[in-house]
file query.txt (compact mmCIF, C-alpha atoms)
# COMPACT_ATOMS: atom_id res chain seq x y z
CA MET A 1453 26.23 -39.10 -3.31
CA GLU A 1454 23.83 -41.86 -4.25
CA THR A 1455 21.75 -41.45 -7.38
CA LEU A 1456 18.10 -40.58 -7.02
CA GLU A 1457 17.16 -44.13 -8.05
CA GLN A 1458 19.24 -45.58 -5.21
CA ILE A 1459 17.69 -43.20 -2.72
CA LYS A 1460 14.26 -44.12 -4.02
CA ALA A 1461 14.95 -47.84 -3.68
CA ARG A 1462 16.18 -47.48 -0.11
CA LEU A 1463 13.22 -45.27 0.79
CA GLU A 1464 10.77 -47.84 -0.50
CA ILE A 1465 12.41 -50.52 1.65
CA ALA A 1466 12.61 -48.37 4.76
CA LEU A 1467 9.18 -46.72 4.70
CA PRO A 1468 5.64 -47.76 3.71
CA ILE A 1469 5.21 -45.17 0.97
CA THR A 1470 2.14 -44.97 -1.24
CA ARG A 1471 3.70 -42.90 -3.98
CA LEU A 1472 7.29 -42.02 -4.78
CA ASP A 1473 8.12 -40.71 -8.23
CA ILE A 1474 11.22 -39.31 -9.81
CA LEU A 1475 10.20 -36.24 -11.78
CA PRO A 1476 12.21 -35.96 -15.01
CA ASN A 1477 13.65 -32.62 -16.03
CA GLU A 1478 14.37 -31.79 -19.65
CA CYS A 1479 16.21 -28.53 -19.12
CA PRO A 1480 20.04 -28.45 -19.49
CA ALA A 1481 20.64 -28.61 -15.74
CA GLY A 1482 18.65 -31.86 -15.60
CA GLU A 1483 17.97 -31.52 -11.89
CA ARG A 1484 15.49 -34.29 -11.15
CA SER A 1485 13.40 -34.41 -8.04
CA LEU A 1486 11.47 -36.74 -5.74
CA VAL A 1487 7.69 -36.35 -5.64
CA VAL A 1488 5.87 -37.77 -2.63
CA ASN A 1489 2.34 -37.62 -1.34
CA ALA A 1490 1.55 -35.08 1.34
CA ALA A 1491 0.82 -37.80 3.89
CA ASP A 1492 4.29 -39.33 3.49
CA GLY A 1493 6.11 -36.01 3.20
CA PHE A 1494 7.23 -35.71 6.80
CA ALA A 1495 8.45 -39.32 7.10
CA VAL A 1496 10.41 -39.11 3.85
CA ALA A 1497 11.99 -35.81 4.87
CA LYS A 1498 12.94 -37.24 8.27
CA PHE A 1499 14.55 -40.24 6.57
CA LEU A 1500 16.52 -37.99 4.23
CA ARG A 1501 17.78 -35.94 7.18
CA ASP A 1502 18.64 -38.78 9.55
CA ASP A 1503 19.93 -41.44 7.16
CA ALA A 1504 23.64 -42.11 7.77
CA GLN A 1505 24.56 -42.13 4.09
CA LEU A 1506 22.63 -38.97 3.19
CA LYS A 1507 22.60 -36.73 6.29
CA LEU A 1508 20.80 -33.94 4.44
CA ASP A 1509 21.06 -31.58 7.39
CA TYR A 1510 20.57 -28.29 5.53
CA CYS A 1511 17.43 -27.05 3.82
CA SER A 1512 18.74 -24.45 1.40
CA ASN A 1513 15.45 -23.05 0.22
CA VAL A 1514 11.75 -23.66 0.01
CA THR A 1515 9.87 -22.65 -3.11
CA GLY A 1516 6.18 -22.43 -3.88
CA ILE A 1517 4.70 -23.07 -7.32
CA ASP A 1518 1.15 -22.61 -8.52
CA TRP A 1519 -0.03 -24.99 -11.21
CA PRO A 1520 -3.46 -23.93 -12.45
CA GLN A 1521 -5.68 -26.41 -14.23
CA ALA A 1522 -4.57 -26.64 -17.85
CA THR A 1523 -4.61 -28.84 -20.92
CA ILE A 1524 -1.08 -29.74 -21.91
CA LYS A 1525 -0.32 -30.44 -25.53
CA THR A 1526 2.57 -32.76 -26.22
CA LYS A 1527 3.72 -33.58 -29.72
CA ILE A 1528 5.05 -37.05 -30.36
CA LYS A 1529 6.42 -38.53 -33.56
CA ARG A 1530 5.65 -42.07 -34.46
CA LYS A 1531 6.24 -44.25 -37.46
CA VAL A 1532 3.29 -45.75 -39.29
CA SER A 1533 3.43 -48.02 -42.25
CA VAL A 1534 0.82 -47.03 -44.81
CA GLU A 1535 0.47 -49.54 -47.66
CA GLY A 1536 3.91 -50.91 -47.07
CA VAL A 1537 5.62 -47.49 -46.94
CA GLU A 1538 6.88 -46.26 -43.60
CA LYS A 1539 5.85 -42.73 -42.79
CA GLU A 1540 6.59 -40.55 -39.80
CA ILE A 1541 3.54 -38.71 -38.51
CA GLU A 1542 3.26 -36.16 -35.73
CA GLU A 1543 0.50 -36.46 -33.21
CA THR A 1544 -0.65 -34.02 -30.58
CA ILE A 1545 -1.85 -35.51 -27.36
CA GLU A 1546 -3.88 -33.39 -24.99
CA THR A 1547 -3.80 -34.24 -21.32
CA LEU A 1548 -5.72 -32.45 -18.61
CA ARG A 1549 -3.54 -31.37 -15.70
CA SER A 1550 -5.50 -30.86 -12.52
CA GLY A 1551 -4.64 -27.68 -10.65
CA HIS A 1552 -2.50 -27.98 -7.56
CA LEU A 1553 0.03 -26.12 -5.47
CA GLU A 1554 3.55 -27.42 -5.10
CA VAL A 1555 6.26 -26.83 -2.53
CA VAL A 1556 9.87 -27.63 -3.40
CA TYR A 1557 12.60 -28.23 -0.82
CA HIS A 1558 16.28 -28.14 -1.81
CA LEU A 1559 18.27 -30.27 0.62
CA TYR A 1560 22.03 -30.38 1.09
CA SER A 1561 24.40 -32.07 3.49
CA MET A 1562 26.86 -29.79 5.24
CA GLU A 1563 28.53 -32.72 6.99
CA LEU A 1564 29.05 -34.94 3.96
CA LYS A 1565 29.28 -32.01 1.54
CA HIS A 1566 26.83 -33.21 -1.06
CA GLY A 1567 23.52 -32.26 -2.55
CA PRO A 1568 21.10 -31.13 -3.61
CA VAL A 1569 18.24 -33.57 -3.27
CA VAL A 1570 15.07 -31.90 -4.46
CA LEU A 1571 11.87 -32.91 -2.67
CA ARG A 1572 8.47 -31.90 -3.98
CA LEU A 1573 5.18 -32.00 -2.10
CA ARG A 1574 1.88 -31.39 -3.86
CA THR A 1575 -1.53 -30.39 -2.54
CA GLY A 1576 -4.73 -32.08 -3.65
CA ASN A 1577 -6.09 -29.01 -5.39
CA ARG A 1578 -5.94 -25.23 -5.26
CA THR A 1579 -9.11 -24.52 -3.29
CA ASP A 1580 -9.91 -26.69 -0.29
CA HIS A 1581 -7.20 -29.39 -0.12
CA THR A 1582 -4.24 -27.08 0.39
CA ARG A 1583 -2.71 -28.68 3.48
CA LEU A 1584 0.84 -30.00 3.54
CA PRO A 1585 3.05 -31.17 6.41
CA SER A 1586 5.43 -28.51 7.65
CA LEU A 1587 9.10 -29.47 7.57
CA THR A 1588 10.06 -26.69 9.99
CA PRO A 1589 10.35 -29.21 12.87
CA LEU A 1590 13.10 -30.92 10.82
CA TRP A 1591 14.87 -27.87 9.36
CA ARG A 1592 14.35 -24.72 11.41
CA GLY A 1593 15.46 -22.59 8.47
CA ALA A 1594 12.29 -23.45 6.58
CA GLU A 1595 10.14 -21.47 9.02
CA PHE A 1596 10.06 -18.06 7.32
CA GLN A 1597 10.01 -19.52 3.83
CA GLU A 1598 7.01 -21.69 4.66
CA ARG A 1599 5.32 -18.64 6.13
CA GLU A 1600 6.02 -16.79 2.90
CA ILE A 1601 4.50 -19.61 0.84
CA PHE A 1602 1.48 -19.61 3.14
CA ASP A 1603 1.22 -15.85 2.65
CA LEU A 1604 1.60 -15.71 -1.12
CA TYR A 1605 0.21 -19.07 -2.29
CA GLY A 1606 -2.15 -20.14 0.48
CA VAL A 1607 -0.57 -23.50 1.33
CA ILE A 1608 -1.45 -24.41 4.93
CA PHE A 1609 1.45 -26.14 6.68
CA ASP A 1610 0.38 -28.57 9.41
CA GLY A 1611 2.77 -28.55 12.35
CA HIS A 1612 4.27 -25.14 11.61
CA PRO A 1613 5.06 -23.41 14.94
CA ASP A 1614 3.96 -19.90 13.88
CA LEU A 1615 1.93 -19.84 10.70
CA ARG A 1616 1.07 -16.19 10.04
CA ARG A 1617 1.30 -13.91 7.04
CA ILE A 1618 4.82 -12.53 6.73
CA LEU A 1619 4.88 -10.04 3.83
CA MET A 1620 1.27 -8.93 3.50
CA TRP A 1621 -0.68 -7.63 6.47
CA ASP A 1622 -3.02 -9.70 8.65
CA GLY A 1623 -6.51 -9.44 7.23
CA PHE A 1624 -5.33 -9.48 3.62
CA ALA A 1625 -7.64 -11.76 1.70
CA GLY A 1626 -5.94 -12.98 -1.47
CA TYR A 1627 -2.86 -15.00 -2.38
CA PRO A 1628 -0.90 -12.64 -4.64
CA MET A 1629 1.50 -15.11 -6.25
CA ARG A 1630 -1.26 -17.35 -7.60
CA ARG A 1631 -1.70 -17.14 -11.34
CA ASP A 1632 -5.34 -16.12 -11.10
CA TYR A 1633 -4.81 -13.37 -8.53
CA VAL A 1634 -6.47 -10.09 -9.50
CA ALA A 1635 -4.54 -7.06 -8.26
CA PRO A 1636 -6.45 -4.04 -6.90
CA ASP A 1637 -7.54 -1.76 -9.71
CA ASP A 1638 -5.66 1.48 -9.06
CA PHE A 1639 -4.65 2.33 -12.61
CA GLU A 1640 -6.44 5.69 -12.69
CA TYR A 1641 -3.25 7.58 -13.54
CA GLU A 1642 -0.98 5.92 -16.12
CA PRO A 1643 0.93 8.47 -18.21
CA THR A 1644 2.54 5.94 -20.57
CA PRO A 1645 0.45 2.76 -20.49
CA HIS A 1646 1.02 -0.20 -22.76
CA ASP A 1647 -0.04 -3.87 -23.02
CA LYS A 1648 -1.90 -5.12 -19.95
CA VAL A 1649 -1.57 -1.80 -18.15
CA LEU A 1650 -3.21 -0.05 -21.11
CA GLU A 1651 -6.20 -2.38 -20.85
CA GLN A 1652 -6.47 -1.63 -17.14
CA ALA A 1653 -6.01 2.11 -17.64
CA LYS A 1654 -8.70 2.29 -20.34
CA LYS A 1655 -11.34 1.41 -17.74
CA HIS A 1656 -10.55 4.71 -16.03
CA TYR A 1657 -10.62 6.90 -19.14
CA PRO A 1658 -13.35 9.56 -19.22
CA ALA A 1659 -16.48 8.70 -21.23
CA GLU A 1660 -15.68 10.77 -24.35
CA VAL A 1661 -12.22 9.20 -24.67
CA LYS A 1662 -13.77 5.74 -24.43
CA ALA A 1663 -16.17 6.57 -27.26
CA GLU A 1664 -13.29 7.77 -29.44
CA ALA A 1665 -11.32 4.63 -28.78
CA LYS A 1666 -14.25 2.52 -29.99
CA THR A 1667 -14.59 4.34 -33.31
CA GLU A 1668 -10.85 4.20 -33.90
CA VAL A 1669 -10.08 2.10 -36.96
CA LYS A 1670 -7.26 -0.32 -36.58
CA PRO A 1671 -4.68 -0.10 -39.37
CA MET B 1053 10.69 47.60 2.18
CA ILE B 1054 14.14 49.01 2.60
CA ASP B 1055 16.01 50.08 -0.51
CA GLU B 1056 18.65 47.51 -1.58
CA GLY B 1057 21.27 50.20 -2.25
CA LEU B 1058 20.79 51.74 1.18
CA LYS B 1059 20.92 48.27 2.74
CA SER B 1060 24.24 47.64 1.05
CA GLU B 1061 25.63 51.01 2.14
CA LEU B 1062 24.56 50.37 5.73
CA GLN B 1063 26.20 46.92 5.68
CA LYS B 1064 29.51 48.56 4.76
CA GLN B 1065 29.20 50.64 7.93
CA GLY B 1066 28.48 47.54 10.02
CA VAL B 1067 24.74 48.10 10.27
CA TYR B 1068 22.58 45.16 9.25
CA VAL B 1069 18.96 45.78 8.45
CA THR B 1070 16.44 43.07 7.64
CA THR B 1071 12.77 42.23 8.03
CA LEU B 1072 11.40 39.94 10.70
CA GLU B 1073 10.06 37.74 7.92
CA GLY B 1074 13.49 37.50 6.29
CA LEU B 1075 15.17 36.67 9.60
CA TYR B 1076 12.56 34.09 10.53
CA ASN B 1077 12.71 32.37 7.14
CA TRP B 1078 16.52 32.55 7.03
CA GLY B 1079 16.70 30.77 10.37
CA ARG B 1080 14.25 28.07 9.36
CA ALA B 1081 15.69 27.53 5.89
CA ASN B 1082 19.18 26.88 7.25
CA SER B 1083 18.23 24.39 9.93
CA VAL B 1084 16.00 21.89 8.15
CA TRP B 1085 16.52 18.72 10.15
CA PRO B 1086 15.46 15.56 8.34
CA LEU B 1087 14.00 12.46 9.92
CA THR B 1088 16.28 9.40 9.99
CA PHE B 1089 14.06 7.37 7.79
CA GLY B 1090 14.92 5.27 4.76
CA LEU B 1091 12.74 2.82 2.90
CA ALA B 1092 14.90 1.37 0.13
CA CYS B 1093 18.03 1.97 -1.94
CA CYS B 1094 17.40 5.74 -2.20
CA ALA B 1095 18.22 5.84 1.51
CA ILE B 1096 21.79 4.77 0.67
CA GLU B 1097 22.15 7.88 -1.49
CA MET B 1098 20.58 9.93 1.29
CA MET B 1099 23.21 8.59 3.72
CA ALA B 1100 25.95 9.35 1.20
CA ALA B 1101 24.63 12.90 0.88
CA SER B 1102 25.00 13.43 4.62
CA MET B 1103 28.58 12.09 4.71
CA ALA B 1104 31.81 14.03 4.21
CA ARG B 1105 32.07 13.77 0.43
CA PHE B 1106 28.79 15.53 -0.32
CA ASP B 1107 28.44 17.19 3.08
CA LEU B 1108 24.80 18.08 3.55
CA ALA B 1109 25.94 20.04 6.63
CA ARG B 1110 26.77 22.98 4.34
CA PHE B 1111 23.00 23.51 4.06
CA GLY B 1112 22.22 23.07 7.73
CA ALA B 1113 20.45 19.77 7.12
CA GLU B 1114 22.98 17.32 8.51
CA VAL B 1115 21.27 16.62 11.82
CA PHE B 1116 19.21 13.53 11.07
CA ARG B 1117 16.82 13.23 13.99
CA PRO B 1118 15.84 9.75 15.16
CA SER B 1119 12.47 11.01 16.43
CA PRO B 1120 9.68 12.58 14.37
CA ARG B 1121 9.04 15.02 17.24
CA GLN B 1122 12.36 16.76 16.52
CA ALA B 1123 12.32 16.64 12.72
CA ASP B 1124 11.30 19.28 10.19
CA LEU B 1125 11.69 17.34 6.98
CA MET B 1126 10.63 13.88 5.91
CA ILE B 1127 12.71 12.52 3.06
CA VAL B 1128 10.61 9.67 1.66
CA ALA B 1129 13.61 7.79 0.32
CA GLY B 1130 12.51 4.66 -1.48
CA THR B 1131 9.63 2.36 -2.36
CA VAL B 1132 6.57 2.85 -0.19
CA THR B 1133 4.85 -0.51 0.06
CA LYS B 1134 1.19 -0.61 0.96
CA LYS B 1135 2.11 -2.27 4.22
CA MET B 1136 4.46 0.61 5.08
CA ALA B 1137 2.27 3.50 3.87
CA PRO B 1138 0.13 3.89 7.05
CA LEU B 1139 3.30 4.02 9.14
CA VAL B 1140 4.79 6.72 6.89
CA VAL B 1141 1.64 8.82 7.25
CA ARG B 1142 1.62 8.29 11.02
CA LEU B 1143 5.26 9.38 11.29
CA TYR B 1144 4.40 12.49 9.29
CA ASN B 1145 1.47 13.24 11.60
CA GLN B 1146 3.78 12.97 14.60
CA MET B 1147 6.14 15.65 13.25
CA PRO B 1148 5.55 19.17 14.60
CA GLU B 1149 4.82 22.09 12.27
CA PRO B 1150 6.42 23.53 10.19
CA LYS B 1151 7.15 20.31 8.31
CA TYR B 1152 8.07 19.45 4.75
CA VAL B 1153 8.20 16.36 2.55
CA ILE B 1154 10.71 15.49 -0.15
CA ALA B 1155 9.69 12.56 -2.37
CA MET B 1156 13.06 11.11 -3.31
CA GLY B 1157 13.32 8.87 -6.35
CA ALA B 1158 10.96 7.31 -8.86
CA CYS B 1159 9.32 4.98 -6.31
CA ALA B 1160 8.33 7.66 -3.84
CA ILE B 1161 6.98 9.82 -6.69
CA SER B 1162 4.97 7.22 -8.61
CA GLY B 1163 5.89 3.68 -7.58
CA GLY B 1164 8.73 3.67 -10.09
CA PRO B 1165 9.67 0.32 -11.60
CA PHE B 1166 7.30 -1.39 -9.14
CA LYS B 1167 4.31 0.76 -10.15
CA GLN B 1168 2.27 -2.15 -11.47
CA GLY B 1169 2.89 -4.28 -8.42
CA TYR B 1170 -0.06 -5.21 -6.22
CA ASN B 1171 1.84 -4.24 -3.07
CA VAL B 1172 3.39 -0.87 -3.95
CA LEU B 1173 1.86 2.53 -3.33
CA LYS B 1174 1.83 4.56 -6.55
CA GLY B 1175 3.36 7.67 -5.07
CA ILE B 1176 3.41 9.06 -1.54
CA ASP B 1177 1.60 12.16 -2.84
CA ARG B 1178 -1.60 10.12 -2.58
CA TYR B 1179 -1.44 10.54 1.19
CA LEU B 1180 1.01 13.35 1.97
CA PRO B 1181 1.54 16.88 0.61
CA VAL B 1182 4.89 16.66 -1.20
CA ASP B 1183 6.96 19.86 -1.41
CA VAL B 1184 9.80 18.73 -3.66
CA SER B 1185 10.05 15.66 -5.89
CA ILE B 1186 13.43 14.37 -7.08
CA PRO B 1187 13.40 12.14 -10.15
CA GLY B 1188 16.03 9.43 -10.47
CA CYS B 1189 16.47 5.78 -9.69
CA PRO B 1190 18.10 6.41 -7.31
CA PRO B 1191 18.88 10.15 -7.50
CA ARG B 1192 22.50 11.12 -6.92
CA PRO B 1193 23.37 12.89 -3.66
CA GLU B 1194 23.76 16.10 -5.69
CA ALA B 1195 20.09 15.77 -6.66
CA LEU B 1196 19.10 15.52 -3.00
CA ILE B 1197 21.22 18.58 -2.23
CA HIS B 1198 19.46 20.36 -5.11
CA ALA B 1199 16.12 19.39 -3.61
CA ILE B 1200 17.14 20.80 -0.22
CA MET B 1201 18.21 24.03 -1.94
CA LEU B 1202 14.85 24.22 -3.71
CA LEU B 1203 13.13 23.65 -0.38
CA GLN B 1204 15.21 26.45 1.13
CA GLU B 1205 14.11 28.77 -1.68
CA LYS B 1206 10.52 27.77 -1.00
CA ILE B 1207 10.90 28.51 2.72
CA MET B 1208 12.60 31.85 2.04
CA ALA B 1209 9.64 32.94 -0.12
CA GLN B 1210 7.02 32.21 2.53
CA LYS B 1211 5.01 35.12 3.92
CA LEU B 1212 4.31 35.51 7.64
CA THR B 1213 0.91 37.09 7.14
CA GLY B 1214 -1.76 37.29 4.50
CA PRO B 1215 -4.03 34.74 2.87
CA ASP B 1216 -1.18 32.78 1.24
CA ARG B 1217 0.77 32.30 4.46
CA PRO B 1218 2.10 28.78 5.00
CA ARG B 1219 0.16 26.03 6.66
CA HIS B 1220 1.83 26.22 10.05
CA LEU B 1221 0.74 29.84 10.45
CA ASN B 1222 -2.81 29.16 9.33
CA ALA B 1223 -4.85 27.35 11.93
CA ALA B 1224 -7.61 26.61 9.43
CA LEU B 1225 -5.39 24.30 7.36
CA PRO B 1226 -4.77 20.72 8.48
CA SER B 1227 -1.39 19.61 9.77
CA GLU B 1228 -2.33 15.94 10.08
CA PHE B 1229 -3.68 13.65 7.41
CA PRO B 1230 -5.85 10.56 7.77
CA VAL B 1231 -3.89 7.33 8.21
CA PRO B 1232 -5.12 4.69 5.74
CA ALA B 1233 -6.26 1.34 7.13
CA TYR B 1234 -5.37 -2.13 5.88
CA GLY B 1235 -8.21 -3.47 3.75
CA GLU B 1236 -8.82 -6.91 2.29
CA ASP B 1237 -6.90 -6.28 -0.93
CA ASP B 1238 -5.80 -2.63 -0.80
CA LEU B 1239 -5.49 0.28 1.57
CA GLU B 1240 -8.70 1.95 2.72
CA PRO B 1241 -9.01 4.52 1.25
CA PRO B 1242 -6.58 3.91 -1.67
CA LYS B 1243 -5.83 7.64 -1.81
CA ASN B 1244 -6.63 10.86 0.01
CA PRO B 1245 -9.00 12.55 -2.49
CA GLU B 1246 -8.48 15.97 -0.86
CA LEU B 1247 -4.76 15.80 -1.60
CA TRP B 1248 -4.56 13.85 -4.80
CA GLN B 1249 -6.77 13.44 -7.82
CA PRO B 1250 -5.58 11.73 -10.99
CA PRO B 1251 -4.28 14.47 -13.30
CA ALA B 1252 -6.16 14.85 -16.59
CA ILE B 1253 -4.00 13.49 -19.38
CA LYS B 1254 -4.66 14.66 -22.90
CA ARG B 1255 -4.89 11.54 -25.03

call {"tool": "encode", "arguments": {"input": "query.txt", "output": "structure tokens"}}
result
Amino acid sequence: METLEQIKARLEIALPITRLDILPNECPAGERSLVVNAADGFAVAKFLRDDAQLKLDYCSNVTGIDWPQATIKTKIKRKVSVEGVEKEIEETIETLRSGHLEVVYHLYSMELKHGPVVLRLRTGNRTDHTRLPSLTPLWRGAEFQEREIFDLYGVIFDGHPDLRRILMWDGFAGYPMRRDYVAPDDFEYEPTPHDKVLEQAKKHYPAEVKAEAKTEVKP
Amino acid sequence: MIDEGLKSELQKQGVYVTTLEGLYNWGRANSVWPLTFGLACCAIEMMAASMARFDLARFGAEVFRPSPRQADLMIVAGTVTKKMAPLVVRLYNQMPEPKYVIAMGACAISGGPFKQGYNVLKGIDRYLPVDVSIPGCPPRPEALIHAIMLLQEKIMAQKLTGPDRPRHLNAALPSEFPVPAYGEDDLEPPKNPELWQPPAIKR
């Protein structure tokens, strides 16, 4: 199969794309991926499916990821010459990552027996710009997985034939797989609580137990 | 009550003497028909228990009925998710009296390994009166057979009359329980307070 750079170069010739990045991956597998804007998502996916050299006719799986807003600290080493002597100093750079939701498609070709090409689509933010194009019209197998991502992350897929909740019931309000989801507080009976469950269970302790816990001296 | 020694002597002569209560309970205890109803991996053990190797038929409980109208026993075999819980309660309500519930496995008792999940009911005893609980994850078929034997003992000890007679002979006691509704983030209500209150734990 072509490298990701070659695919990127051909995509840029074939389609008027505003943004097309190759996302590096530092883990041992080193599986890099293509990141495109939501507006171009459908056209890029259609190209990947129909192109004669790629023929990515099989969408293996669709994954949702929640990226909350965070400051990311990266340490870099750089050499500085202080009074003629070269020294290596370590600097920490803080960058603000805006929160967004991400959907990842793993694409393979059954006909040409190659893959995967990983395609990532990102929403504008986590609150009101959560629309992405649905790729179900291209790969029918994405239907239930996109519904699941809609159900658990709240990504709205434009062009999906049947966008309903699939695991939770209709009328459920939250998106349980988001990092800031607060689960219903039913920790009234926890015989052996610890860590986070202990904190939750303590809210249900009777008043006298609460008072004792406050006076308890930590060793 | 008839003297046990006399009863034994009479049996040797081919005369069988018993009480109506004993006969009635003996009949019921040996034909407990469960509902064909599995929720998760515990159901696999339940199926194994009904097959030839473990042979639940020895206890008269091999006839798994596909309809709640014909079943006596609900084996809650597996994780009860909050989406499934109203349907479990509704199935129970559709069963005719006398009816019993076995909570099979850690999930049906307390939510088990999924207890802290947002989508798992922390024990079916929050909505249904459980007669026998079997610990295990999943319990072996022998454990299910043990539970059925315990249930048989419980049935055999039931009185036909008196204030402590079972629910199906006492019109004042309920035989149906409210079906919870789907709320915005949890079931409404999250438990049936008449059936279940959090036990007091000594800390």

call {"tool": "residues_around", "arguments": {"input": "query.txt", "residues": "Met1453 of chain A", "least_positions_apart": "6", "cutoff": "12 Å", "atoms": "all atoms listed in the file", "output": "list in words"}}
result
Ile1459, Ala1504, Gln1505, Leu1506, Lys1507, Leu1508, Tyr1560, Ser1561, Leu1564, Lys1565, His1566, Gly1567, Pro1568 and Val1569 of chain A

call {"tool": "interface_residues", "arguments": {"input": "query.txt", "of": "chain B", "to": "chain A", "cutoff": "7 Å", "atoms": "only C-alpha atoms", "output": "list in words"}}
result
Lys1135, Tyr1170, Gly1235, Glu1236, Asp1237, Asp1238, Pro1250 and Pro1251 of chain B

call {"tool": "atom_distance", "arguments": {"input": "query.txt", "atom1": "atom CA of Glu1114 of chain B", "atom2": "atom CA of Met1098 of chain B"}}
result
10.6 Å

call {"tool": "closest_residue", "arguments": {"input": "query.txt", "among": "A:Arg1617, A:Arg1578, A:Arg1599, A:His1612", "to": "Asp1632 of chain A", "atoms": "all atoms listed in the file"}}
result
A:Arg1578

call {"tool": "residues_around", "arguments": {"input": "query.txt", "residues": "Pro1476 of chain A", "least_positions_apart": "2", "cutoff": "12 Å", "atoms": "only C-alpha atoms", "output": "ChimeraX atom specification"}}
result
/A:1456-1457,1473-1474,1478-1487,1570

call {"tool": "closest_residue", "arguments": {"input": "query.txt", "among": "A:Gly1493, A:Gly1611, A:Gly1606, A:Gly1536", "to": "Thr1579 of chain A", "atoms": "only C-alpha atoms"}}
result
A:Gly1606
